[in-house]
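Student: One structure, pasted below without further comment.
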Amino acid sequence: MRRSWKTAVLGVMLAGVALVFGPSPGRANDINWRQAQGTELRLLALRAWFTDHWRANLAEFEQLTGIKVIIEDYPEDPFRQKLAVEMAGKSKNVDVFTTGTMREGRQFANLGWYADLSPMIADASLTARSWDKDDFIDAVWKAHQFEGRQVAVPIQANVQLLYYRKDLFDAAGLAPPRTLEELEAAARRLHSPPSVFGFVSRGRRTQAPYSWSHWLFANGGSWATPDGKPAINSPAGIAATEQYVRLLRNYGDPGAADAGPAEVQTLFLQGRAAMILDAVSWAGLFSDPARSRVAGRWAATLAPPGPAGATYELWAWSLAISPFSDKQRAAWLFVQWATSKEIQRTLHLRSFPMPRTSLWNDAEWRAMAEPGFYAAALAQVQAARPIGHPPFIASPEITDVVGIAINNALSGRNIRTELDAAARRMTEVIERTEPRR
Amino acid sequence: MARPLRHGAARPWRSPAHGLGDWMDRHIIWFFILPAAIFLLAVVAFPVTYTVWLSFFRWSGSATAPATWVGLANYADVLALDPGFRNALWVTIYFTGVSVTIEVILGVGLAQLLNREFIGKGLARTLLLLPIAGTPVALSLVWRNMYNPSSGIFVWFADLLMLPPQRWIADANMVMPLLILFDVWQWTPLIMLITLAGLVSLPNDLYEAAQIDGASPWQVFWRITIPLVRPTIVAAAMLRLMDSLKTFDQIYVTTQGGPGIASQTLNLYIFEQAFQYLNFGYASALLVVLFFVILAGNLVLVTQRRGQT
């Protein structure tokens, strides 16, 4: 009796010590974070602000878990090449990797390149309650599921906002566009080359579909019919492409057919674009007076709807675990840390929108964000869908097939001919890559 | 001769170690070749064989399904001239043909210029060699910016000359000439350098004899200089041809093969098929075809070289 009483007191005291000196309160000690200590992980990553942020805070993770992480990052194309080679070779050397499931999720899932995260998420000894899966915005979380399996955890939540130059709009007595028709009218009105272009957007072959798909869905079009046939050359698809091409050819910059993210972003930063429909994550940059000539002179609004309303486009980079890795438990600890509220909050406060509901409701952030921007971005993120890429296994290839058609149309070729040709090519790729129904 | 004695009955006893040393002595040539042979086997023969092997499959690197043997279907697709391949083949031949021709003409001309004495020759040579000294990717970024249709320096020059506004590198009709201009700027010095080395080593007596016979400078150039440096020029052209047929970095950085696929060379097309679309089997078949394209280009040049000397 006496012994058990003493043990109980000791236990309470130890628990108190743990509470005072333990890890930060946000990361409650409900799992053993040191269960894989001594492990060394390799993260094959995209070179980006989120990767930089993990690297800067890596000591914290290593202290918490005793796991060493080697971060190897590359620009997008070399990164994809490196990843493809390692995964095709079933390399055990990659444990965690960055992935864009909107683009390649279906393909990678089909190839067996993702470890299924669902069992690990369900494992109470492995997943901290404070990580809080339910905090992830539903639309974003579900976009990372294929065939009932969770293949990745989002590390951002990007939608496309319409950024416009408030000063130019006010001077011309224009209201922010509420439809794509009004957007075109405003572009016409504000276009005065070469100093200011009415509307800039991505036109490069590999990038055009990302921007164009907003027009496609706003016109009631879609990548494919419900039974998996190409639908890009439907009347809605043609109308959408006509409007997008008309905008860029008449009111865009002369380099539109070669413009990728860096080009259009630079034009807006330099004050040479009246409007741009692009990533919500660019807001921080546009507001930074050190890098932006338009800081304080822009505002943002919802991506304007077309005749068929608006489907907001979702893009998110994510973290996945390699199924060939022997260190999946340690890898999952890292993914939890990298996608934790604490890590994501810092980024969110730096205007990189994160996929967690709690961060969008964070009082500090709401006080910082410009009201119009906040409302528009939140409304879109909650309703966003991955429409920027076609719902097929060969999504990267089909995206490019359509990208070539849009790009050729931007060079002045006939839109219907180009879309018909792309649809035929799409059918070939689908027949080669989709399982027989 | 000592050799018959060795096989004779009177051959003295030798320790096994001695015997091995002896054997090595006799076959020493193989031991010199061995490291190089192993190296070649590992880095050339294996990947080439594997590429050819892979070209008979349809494979995307799947961990769940095995590669599908498709026999010659990949080659059939290539030879049926799928539009992507047809375009890439044409772009490659156009780019290589035009740029190597211009580079050879300009390079030989510049070498001829630098082969005479003039003030500032050293400086001129250094300046002319700068483009090859630069990192291709960095230079490509510079040219990409110069060609930028809304802020590049070419736009400024065109404005100065009061030319109508152009789409420059975003124009499917202008992109190839612009890329060729960049290539000529970067690689003409290489041809110049190699030709110059050939010119410097030419014997003087032929020129003196020609002078005595009263040959015109033009005759000297065509009848003496060109035939003598021809092998050097062909070697330089061959070097450029091989390089040019498999150009990747320059075009990749400046245009990524765009606009559309207007500047997509075979190598870019293959890269895309392999690493963007994960069509590894088809990309392998394309690589084998590219190998034969390069081989054919070189054979043409080699016959040129042999035919005249």
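Here, A, B, ... name the chains of the structure tokens in the order displayed, residue numbers run from 1 inside each chain, and ligands are numbered from 1 in the same displayed order.
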Given only C-alpha atoms, how would the per-residue table for chain A near chain B read, listing every residue at most 9 Å away with its closest atom pair and distance in Å to one decimal, sorted by chain and number, as a Markdown table?

Tutor:
```
| residue | atom | partner | partner_atom | distance |
| --- | --- | --- | --- | --- |
| A:Asp77 | CA | B:Gln276 | CA | 8.3 |
| A:Arg80 | CA | B:Phe275 | CA | 6.8 |
| A:Gln81 | CA | B:Phe275 | CA | 5.2 |
| A:Lys82 | CA | B:Phe275 | CA | 8.6 |
| A:Leu83 | CA | B:Phe275 | CA | 9.0 |
| A:Ala84 | CA | B:Phe275 | CA | 6.3 |
| A:Val85 | CA | B:Phe275 | CA | 8.0 |
| A:Met87 | CA | B:Gly61 | CA | 7.1 |
| A:Ala88 | CA | B:Gly61 | CA | 4.0 |
| A:Gly89 | CA | B:Gly61 | CA | 7.2 |
| A:Lys90 | CA | B:Ala63 | CA | 7.2 |
| A:Phe108 | CA | B:Ser62 | CA | 8.5 |
| A:Asn110 | CA | B:Ser62 | CA | 7.7 |
| A:Leu111 | CA | B:Ser62 | CA | 4.2 |
| A:Gly112 | CA | B:Ala63 | CA | 5.3 |
| A:Trp113 | CA | B:Ala63 | CA | 7.0 |
| A:Pro194 | CA | B:Ser150 | CA | 7.5 |
| A:Gly203 | CA | B:Pro259 | CA | 8.9 |
| A:Arg204 | CA | B:Pro259 | CA | 6.6 |
| A:Arg205 | CA | B:Gly260 | CA | 5.5 |
| A:Thr206 | CA | B:Gly260 | CA | 8.9 |
| A:Asp253 | CA | B:Ser150 | CA | 6.6 |
| A:Pro254 | CA | B:Arg167 | CA | 5.2 |
| A:Gly255 | CA | B:Pro149 | CA | 4.9 |
| A:Ala256 | CA | B:Ala170 | CA | 7.0 |
| A:Ala257 | CA | B:Ala170 | CA | 5.3 |
| A:Asp258 | CA | B:Ala170 | CA | 4.9 |
| A:Ala259 | CA | B:Ala170 | CA | 8.2 |
| A:Leu267 | CA | B:Ser150 | CA | 8.9 |
| A:Ala394 | CA | B:Tyr277 | CA | 7.0 |
| A:Ser395 | CA | B:Tyr277 | CA | 8.4 |
| A:Pro396 | CA | B:Tyr277 | CA | 6.0 |
| A:Glu397 | CA | B:Tyr277 | CA | 5.3 |
| A:Gly403 | CA | B:Gly260 | CA | 7.7 |
| A:Ile404 | CA | B:Gly260 | CA | 4.9 |
| A:Ala405 | CA | B:Gly260 | CA | 7.6 |
| A:Ile406 | CA | B:Gly260 | CA | 8.4 |
| A:Asn407 | CA | B:Gly260 | CA | 5.3 |
| A:Asn408 | CA | B:Gly260 | CA | 5.8 |
| A:Ser411 | CA | B:Asp171 | CA | 6.8 |
```

Student: Output the selection as a PDB file, in the first residue's frame - C-alpha atoms for each residue.

Tutor:
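See part08.pdb below for the written result:
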```pdb
ATOM      1  CA  ASP A  77      12.081  20.289 -63.906  1.00  0.00           C
ATOM      2  CA  ARG A  80      10.827  15.943 -61.530  1.00  0.00           C
ATOM      3  CA  GLN A  81      13.571  14.242 -63.517  1.00  0.00           C
ATOM      4  CA  LYS A  82      15.427  13.191 -60.385  1.00  0.00           C
ATOM      5  CA  LEU A  83      12.248  11.933 -58.743  1.00  0.00           C
ATOM      6  CA  ALA A  84      11.156   9.965 -61.828  1.00  0.00           C
ATOM      7  CA  VAL A  85      14.518   8.225 -62.059  1.00  0.00           C
ATOM      8  CA  MET A  87      11.005   6.130 -58.201  1.00  0.00           C
ATOM      9  CA  ALA A  88      11.203   4.144 -61.450  1.00  0.00           C
ATOM     10  CA  GLY A  89      14.259   2.445 -59.960  1.00  0.00           C
ATOM     11  CA  LYS A  90      12.327   1.750 -56.725  1.00  0.00           C
ATOM     12  CA  PHE A 108       1.782   8.318 -59.411  1.00  0.00           C
ATOM     13  CA  ASN A 110      -1.470   4.260 -60.557  1.00  0.00           C
ATOM     14  CA  LEU A 111       2.271   3.542 -60.712  1.00  0.00           C
ATOM     15  CA  GLY A 112       2.381   2.736 -56.995  1.00  0.00           C
ATOM     16  CA  TRP A 113       4.698   5.618 -56.169  1.00  0.00           C
ATOM     17  CA  PRO A 194       3.722  49.357 -74.115  1.00  0.00           C
ATOM     18  CA  GLY A 203       0.329  31.428 -72.233  1.00  0.00           C
ATOM     19  CA  ARG A 204       3.340  29.137 -72.424  1.00  0.00           C
ATOM     20  CA  ARG A 205       2.512  25.631 -73.600  1.00  0.00           C
ATOM     21  CA  THR A 206       3.153  23.985 -70.253  1.00  0.00           C
ATOM     22  CA  ASP A 253       1.642  41.592 -73.515  1.00  0.00           C
ATOM     23  CA  PRO A 254       3.345  40.735 -76.822  1.00  0.00           C
ATOM     24  CA  GLY A 255       5.168  37.841 -75.168  1.00  0.00           C
ATOM     25  CA  ALA A 256       1.969  36.164 -73.938  1.00  0.00           C
ATOM     26  CA  ALA A 257       2.602  32.968 -75.912  1.00  0.00           C
ATOM     27  CA  ASP A 258       5.884  32.535 -74.055  1.00  0.00           C
ATOM     28  CA  ALA A 259       4.761  33.821 -70.658  1.00  0.00           C
ATOM     29  CA  LEU A 267       4.812  42.458 -65.339  1.00  0.00           C
ATOM     30  CA  ALA A 394      -1.569  10.574 -68.246  1.00  0.00           C
ATOM     31  CA  SER A 395      -2.562  13.986 -66.916  1.00  0.00           C
ATOM     32  CA  PRO A 396       0.847  15.653 -67.495  1.00  0.00           C
ATOM     33  CA  GLU A 397       0.918  14.530 -71.137  1.00  0.00           C
ATOM     34  CA  GLY A 403      -1.378  23.476 -73.852  1.00  0.00           C
ATOM     35  CA  ILE A 404       0.019  23.187 -77.381  1.00  0.00           C
ATOM     36  CA  ALA A 405      -3.437  23.870 -78.831  1.00  0.00           C
ATOM     37  CA  ILE A 406      -3.989  26.962 -76.652  1.00  0.00           C
ATOM     38  CA  ASN A 407      -0.489  28.161 -77.410  1.00  0.00           C
ATOM     39  CA  ASN A 408      -0.959  27.706 -81.165  1.00  0.00           C
ATOM     40  CA  SER A 411      -0.049  32.479 -82.156  1.00  0.00           C
TER      41      SER A 411
END
```

Student: Apply DSSP to the structure's backbone, then extract all residues of region 108-273 of chain B labelled helix (DSSP H, G or I) and return them as JSON, numbers by chain.

Tutor: {"B": [108, 109, 110, 111, 112, 113, 114, 121, 122, 123, 124, 125, 126, 127, 128, 129, 130, 131, 132, 133, 136, 137, 138, 139, 140, 141, 142, 143, 144, 145, 146, 153, 154, 155, 156, 157, 158, 159, 160, 168, 169, 170, 175, 176, 177, 178, 179, 180, 181, 182, 183, 184, 185, 186, 187, 188, 189, 190, 191, 192, 193, 194, 195, 196, 197, 198, 199, 200, 204, 205, 206, 207, 208, 209, 210, 211, 212, 217, 218, 219, 220, 221, 222, 223, 224, 225, 226, 227, 228, 229, 230, 231, 232, 233, 234, 235, 236, 237, 238, 239, 240, 241, 242, 243, 244, 245, 249, 250, 251, 252, 253, 254, 266, 267, 268, 269, 270, 271, 272, 273]}

Student: Please write the residues from the selection above to a file, keeping C-alpha atoms, as a short mmCIF file (atom, residue, chain, number, x, y, z; two decimals), in the first residue's frame.

Tutor:
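Full text of part21.cif as output:
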```
data_model
loop_
_atom_site.label_atom_id
_atom_site.label_comp_id
_atom_site.auth_asym_id
_atom_site.auth_seq_id
_atom_site.Cartn_x
_atom_site.Cartn_y
_atom_site.Cartn_z
CA VAL B 108 36.88 30.16 -91.17
CA GLY B 109 36.63 33.83 -92.15
CA LEU B 110 37.50 35.01 -88.66
CA ALA B 111 40.38 32.54 -88.43
CA GLN B 112 41.73 33.91 -91.70
CA LEU B 113 41.52 37.43 -90.25
CA LEU B 114 43.24 36.51 -87.03
CA LYS B 121 45.19 41.01 -82.34
CA GLY B 122 45.55 39.47 -78.89
CA LEU B 123 42.70 41.53 -77.53
CA ALA B 124 40.49 40.69 -80.51
CA ARG B 125 41.18 37.00 -80.07
CA THR B 126 40.35 37.11 -76.38
CA LEU B 127 37.11 39.00 -76.96
CA LEU B 128 36.06 36.61 -79.71
CA LEU B 129 36.66 33.64 -77.46
CA LEU B 130 34.55 34.95 -74.58
CA PRO B 131 31.27 33.33 -75.68
CA ILE B 132 32.67 29.79 -75.40
CA ALA B 133 34.10 30.60 -71.99
CA PRO B 136 25.69 27.83 -71.43
CA VAL B 137 22.81 28.05 -68.97
CA ALA B 138 23.80 31.49 -67.70
CA LEU B 139 24.24 32.76 -71.26
CA SER B 140 20.87 31.30 -72.21
CA LEU B 141 19.21 33.27 -69.43
CA VAL B 142 20.92 36.42 -70.68
CA TRP B 143 19.69 35.82 -74.25
CA ARG B 144 16.24 34.94 -72.98
CA ASN B 145 16.07 38.35 -71.32
CA MET B 146 17.45 40.12 -74.37
CA ILE B 153 17.03 44.96 -75.52
CA PHE B 154 16.00 43.73 -78.99
CA VAL B 155 12.66 45.48 -78.53
CA TRP B 156 14.55 48.67 -77.80
CA PHE B 157 16.74 48.30 -80.90
CA ALA B 158 13.71 47.57 -83.06
CA ASP B 159 12.03 50.70 -81.68
CA LEU B 160 15.15 52.69 -82.51
CA TRP B 168 10.15 38.01 -80.83
CA ILE B 169 10.75 34.76 -79.02
CA ALA B 170 7.01 34.30 -78.50
CA VAL B 175 11.95 31.72 -82.65
CA MET B 176 14.23 29.46 -84.72
CA PRO B 177 16.22 32.26 -86.42
CA LEU B 178 16.64 33.88 -82.99
CA LEU B 179 17.92 30.64 -81.47
CA ILE B 180 20.26 30.15 -84.42
CA LEU B 181 21.63 33.66 -83.92
CA PHE B 182 22.37 32.81 -80.30
CA ASP B 183 24.04 29.53 -81.29
CA VAL B 184 26.15 31.22 -83.97
CA TRP B 185 27.25 33.86 -81.48
CA GLN B 186 28.26 31.23 -78.99
CA TRP B 187 29.91 28.59 -81.14
CA THR B 188 31.50 30.37 -84.13
CA PRO B 189 34.59 31.05 -81.97
CA LEU B 190 35.08 27.31 -81.53
CA ILE B 191 35.31 26.74 -85.29
CA MET B 192 37.54 29.81 -85.52
CA LEU B 193 39.87 28.49 -82.83
CA ILE B 194 40.29 25.05 -84.37
CA THR B 195 40.71 26.45 -87.89
CA LEU B 196 43.25 28.96 -86.65
CA ALA B 197 45.31 26.16 -85.16
CA GLY B 198 45.25 24.49 -88.57
CA LEU B 199 46.21 27.70 -90.39
CA VAL B 200 49.17 28.44 -88.13
CA ASN B 204 55.13 28.79 -95.71
CA ASP B 205 56.88 27.61 -98.88
CA LEU B 206 53.66 26.94 -100.75
CA TYR B 207 52.58 30.52 -100.21
CA GLU B 208 55.97 31.83 -101.30
CA ALA B 209 55.78 29.71 -104.44
CA ALA B 210 52.29 30.99 -105.16
CA GLN B 211 53.47 34.56 -104.66
CA ILE B 212 56.31 34.03 -107.14
CA PRO B 217 44.96 36.43 -102.86
CA TRP B 218 41.63 34.87 -103.82
CA GLN B 219 43.40 32.09 -105.72
CA VAL B 220 45.75 31.53 -102.79
CA PHE B 221 42.78 31.22 -100.45
CA TRP B 222 40.79 28.83 -102.62
CA ARG B 223 43.59 26.79 -104.14
CA ILE B 224 46.03 26.55 -101.24
CA THR B 225 44.56 27.49 -97.89
CA ILE B 226 41.21 25.78 -98.13
CA PRO B 227 42.45 22.41 -99.45
CA LEU B 228 45.16 22.35 -96.78
CA VAL B 229 42.94 23.17 -93.81
CA ARG B 230 39.99 21.23 -95.12
CA PRO B 231 40.52 18.23 -92.79
CA THR B 232 40.72 20.61 -89.83
CA ILE B 233 37.55 22.42 -90.86
CA VAL B 234 35.70 19.15 -91.36
CA ALA B 235 36.81 17.96 -87.92
CA ALA B 236 35.61 21.20 -86.37
CA ALA B 237 32.31 21.00 -88.25
CA MET B 238 31.85 17.42 -87.12
CA LEU B 239 32.35 18.43 -83.52
CA ARG B 240 29.73 21.15 -83.89
CA LEU B 241 27.37 18.88 -85.80
CA MET B 242 27.31 16.24 -83.09
CA ASP B 243 26.86 18.86 -80.41
CA SER B 244 24.21 20.74 -82.33
CA LEU B 245 22.12 17.68 -83.15
CA ASP B 249 20.42 23.33 -72.45
CA GLN B 250 20.42 26.46 -74.63
CA ILE B 251 16.98 25.86 -76.11
CA TYR B 252 15.56 24.45 -72.93
CA VAL B 253 16.45 27.55 -70.96
CA THR B 254 15.54 30.14 -73.58
CA LEU B 266 14.63 15.81 -80.70
CA ASN B 267 16.52 15.94 -77.44
CA LEU B 268 13.90 18.16 -75.82
CA TYR B 269 11.13 15.93 -77.13
CA ILE B 270 12.85 12.88 -75.69
CA PHE B 271 13.40 14.57 -72.35
CA GLU B 272 9.73 15.45 -72.20
CA GLN B 273 8.58 11.95 -73.15
#
```

Student: Give me, as a ChimeraX atom specification, all polymer residues having an atom no more than 9 Å from region 38-46 of chain A, counting only C-alpha atoms and skipping those fewer than 5 positions away in the same chain.

Tutor: /A:51,65-76,79-80,82-83,93-99,319,327,330-331,334

Student: Please provide as a PyMOL selection string all residues within 8 Å of region 228-231 of chain A, with the sequence filter that same-chain residues fewer than 4 positions apart are discarded (counting only C-alpha atoms).

Tutor: chain A and resi 221-224+237+423+426-427

Student: Nearest to Phe136 (chain A): which of A:Gln156, A:Ser201, A:Asn57, A:Ser118 is it, counting only C-alpha atoms?

Tutor: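 Counting only C-alpha atoms, the residue closest to Phe136 (chain A) is A:Gln156.
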
Student: Which neighbours of Ala124 (chain A) fall inside 9 Å, counting only C-alpha atoms, when residues of the same chain fewer than 4 positions from it are skipped, and could you give them as a list of chain:residue names?

Tutor: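 With the cut-off at 9 Å, the set is A:Asp30, A:Ile31, A:Met120, A:Ala128, A:Arg129.
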
Student: By how many Å are CA of Phe169 (chain A) and CA of Gln243 (chain A) apart?

Tutor: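 Rounded to one decimal, the two atoms are 21.5 Å apart.
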
Student: Using only C-alpha atoms, which residues sit within 10 Å of Tyr374 (chain A) once same-chain residues fewer than 4 positions away are excluded, as a ChimeraX atom specification?

Tutor: /A:300-301,360,365-370,378-379

Student: For the selection just defined, write its residues with N, CA and C atoms to a file, as a PDB file, in the first residue's frame.

Tutor:
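Written out: part27.pdb:
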```pdb
ATOM      1  N   ALA A 300      -7.775  42.874 -54.582  1.00  0.00           N
ATOM      2  CA  ALA A 300      -8.073  41.559 -55.155  1.00  0.00           C
ATOM      3  C   ALA A 300      -9.551  41.272 -55.027  1.00  0.00           C
ATOM      4  N   THR A 301     -10.032  40.494 -55.957  1.00  0.00           N
ATOM      5  CA  THR A 301     -11.436  40.101 -55.909  1.00  0.00           C
ATOM      6  C   THR A 301     -11.567  38.666 -56.408  1.00  0.00           C
ATOM      7  N   TRP A 360      -6.875  30.251 -41.259  1.00  0.00           N
ATOM      8  CA  TRP A 360      -7.688  31.261 -41.953  1.00  0.00           C
ATOM      9  C   TRP A 360      -8.526  32.056 -40.957  1.00  0.00           C
ATOM     10  N   TRP A 365      -3.890  36.956 -38.214  1.00  0.00           N
ATOM     11  CA  TRP A 365      -3.832  37.006 -39.669  1.00  0.00           C
ATOM     12  C   TRP A 365      -4.982  37.830 -40.248  1.00  0.00           C
ATOM     13  N   ARG A 366      -6.169  37.644 -39.654  1.00  0.00           N
ATOM     14  CA  ARG A 366      -7.331  38.380 -40.172  1.00  0.00           C
ATOM     15  C   ARG A 366      -7.134  39.884 -40.025  1.00  0.00           C
ATOM     16  N   ALA A 367      -6.443  40.268 -38.936  1.00  0.00           N
ATOM     17  CA  ALA A 367      -6.191  41.692 -38.734  1.00  0.00           C
ATOM     18  C   ALA A 367      -5.217  42.224 -39.780  1.00  0.00           C
ATOM     19  N   MET A 368      -4.311  41.328 -40.241  1.00  0.00           N
ATOM     20  CA  MET A 368      -3.275  41.744 -41.198  1.00  0.00           C
ATOM     21  C   MET A 368      -3.797  41.829 -42.630  1.00  0.00           C
ATOM     22  N   ALA A 369      -4.609  40.817 -42.991  1.00  0.00           N
ATOM     23  CA  ALA A 369      -4.994  40.674 -44.388  1.00  0.00           C
ATOM     24  C   ALA A 369      -5.949  41.782 -44.804  1.00  0.00           C
ATOM     25  N   GLU A 370      -5.798  42.206 -46.021  1.00  0.00           N
ATOM     26  CA  GLU A 370      -6.702  43.214 -46.561  1.00  0.00           C
ATOM     27  C   GLU A 370      -8.101  42.582 -46.668  1.00  0.00           C
ATOM     28  N   LEU A 378     -10.712  33.227 -49.011  1.00  0.00           N
ATOM     29  CA  LEU A 378     -11.314  32.173 -48.178  1.00  0.00           C
ATOM     30  C   LEU A 378     -12.489  31.516 -48.903  1.00  0.00           C
ATOM     31  N   ALA A 379     -13.336  32.343 -49.515  1.00  0.00           N
ATOM     32  CA  ALA A 379     -14.494  31.787 -50.230  1.00  0.00           C
ATOM     33  C   ALA A 379     -14.022  30.814 -51.312  1.00  0.00           C
TER      34      ALA A 379
END
```

Student: Suppose you want the space between CA of Gln380 (chain A) and CA of Tyr312 (chain A); what is it in Å?

Tutor: 5.8 Å

Student: Can you tell me, as a list of chain:residue names, which residues in region 60-145 of chain A count as strand (DSSP E) by DSSP?

Tutor: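 Checking each residue of region 60-145 of chain A, the strand (DSSP E) ones are A:Lys68, A:Val69, A:Ile70, A:Ile71, A:Glu72, A:Asp73, A:Tyr74, A:Val96, A:Phe97, A:Thr98, A:Thr99, A:Gln145.
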
Student: Please produce a file of the residues just selected, as a PDB file, in the first residue's frame, where the atoms kept are N, CA and C atoms.

Tutor:
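The resulting file, selection.pdb, is reproduced below:
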```pdb
ATOM      1  N   LYS A  68      17.546  12.631 -38.179  1.00  0.00           N
ATOM      2  CA  LYS A  68      18.292  13.574 -39.002  1.00  0.00           C
ATOM      3  C   LYS A  68      17.645  13.627 -40.390  1.00  0.00           C
ATOM      4  N   VAL A  69      17.479  14.820 -40.924  1.00  0.00           N
ATOM      5  CA  VAL A  69      16.852  14.935 -42.241  1.00  0.00           C
ATOM      6  C   VAL A  69      17.803  15.607 -43.217  1.00  0.00           C
ATOM      7  N   ILE A  70      18.003  14.940 -44.346  1.00  0.00           N
ATOM      8  CA  ILE A  70      18.813  15.560 -45.402  1.00  0.00           C
ATOM      9  C   ILE A  70      17.844  16.090 -46.449  1.00  0.00           C
ATOM     10  N   ILE A  71      17.854  17.404 -46.629  1.00  0.00           N
ATOM     11  CA  ILE A  71      16.952  18.002 -47.620  1.00  0.00           C
ATOM     12  C   ILE A  71      17.727  18.245 -48.895  1.00  0.00           C
ATOM     13  N   GLU A  72      17.234  17.665 -49.997  1.00  0.00           N
ATOM     14  CA  GLU A  72      17.904  17.837 -51.277  1.00  0.00           C
ATOM     15  C   GLU A  72      16.880  18.500 -52.188  1.00  0.00           C
ATOM     16  N   ASP A  73      17.098  19.751 -52.561  1.00  0.00           N
ATOM     17  CA  ASP A  73      16.066  20.413 -53.365  1.00  0.00           C
ATOM     18  C   ASP A  73      16.586  20.904 -54.706  1.00  0.00           C
ATOM     19  N   TYR A  74      15.698  20.917 -55.691  1.00  0.00           N
ATOM     20  CA  TYR A  74      16.022  21.309 -57.058  1.00  0.00           C
ATOM     21  C   TYR A  74      14.886  22.147 -57.627  1.00  0.00           C
ATOM     22  N   VAL A  96      10.883  10.896 -48.224  1.00  0.00           N
ATOM     23  CA  VAL A  96       9.779  11.844 -48.358  1.00  0.00           C
ATOM     24  C   VAL A  96      10.037  12.649 -49.637  1.00  0.00           C
ATOM     25  N   PHE A  97       8.957  13.024 -50.357  1.00  0.00           N
ATOM     26  CA  PHE A  97       9.161  13.871 -51.528  1.00  0.00           C
ATOM     27  C   PHE A  97       8.010  14.843 -51.716  1.00  0.00           C
ATOM     28  N   THR A  98       8.316  15.955 -52.390  1.00  0.00           N
ATOM     29  CA  THR A  98       7.293  16.929 -52.738  1.00  0.00           C
ATOM     30  C   THR A  98       6.544  16.403 -53.954  1.00  0.00           C
ATOM     31  N   THR A  99       5.244  16.631 -54.002  1.00  0.00           N
ATOM     32  CA  THR A  99       4.493  16.190 -55.180  1.00  0.00           C
ATOM     33  C   THR A  99       3.363  17.168 -55.453  1.00  0.00           C
ATOM     34  N   GLN A 145      -6.782  12.399 -52.228  1.00  0.00           N
ATOM     35  CA  GLN A 145      -7.201  11.009 -52.077  1.00  0.00           C
ATOM     36  C   GLN A 145      -7.414  10.379 -53.445  1.00  0.00           C
TER      37      GLN A 145
END
```
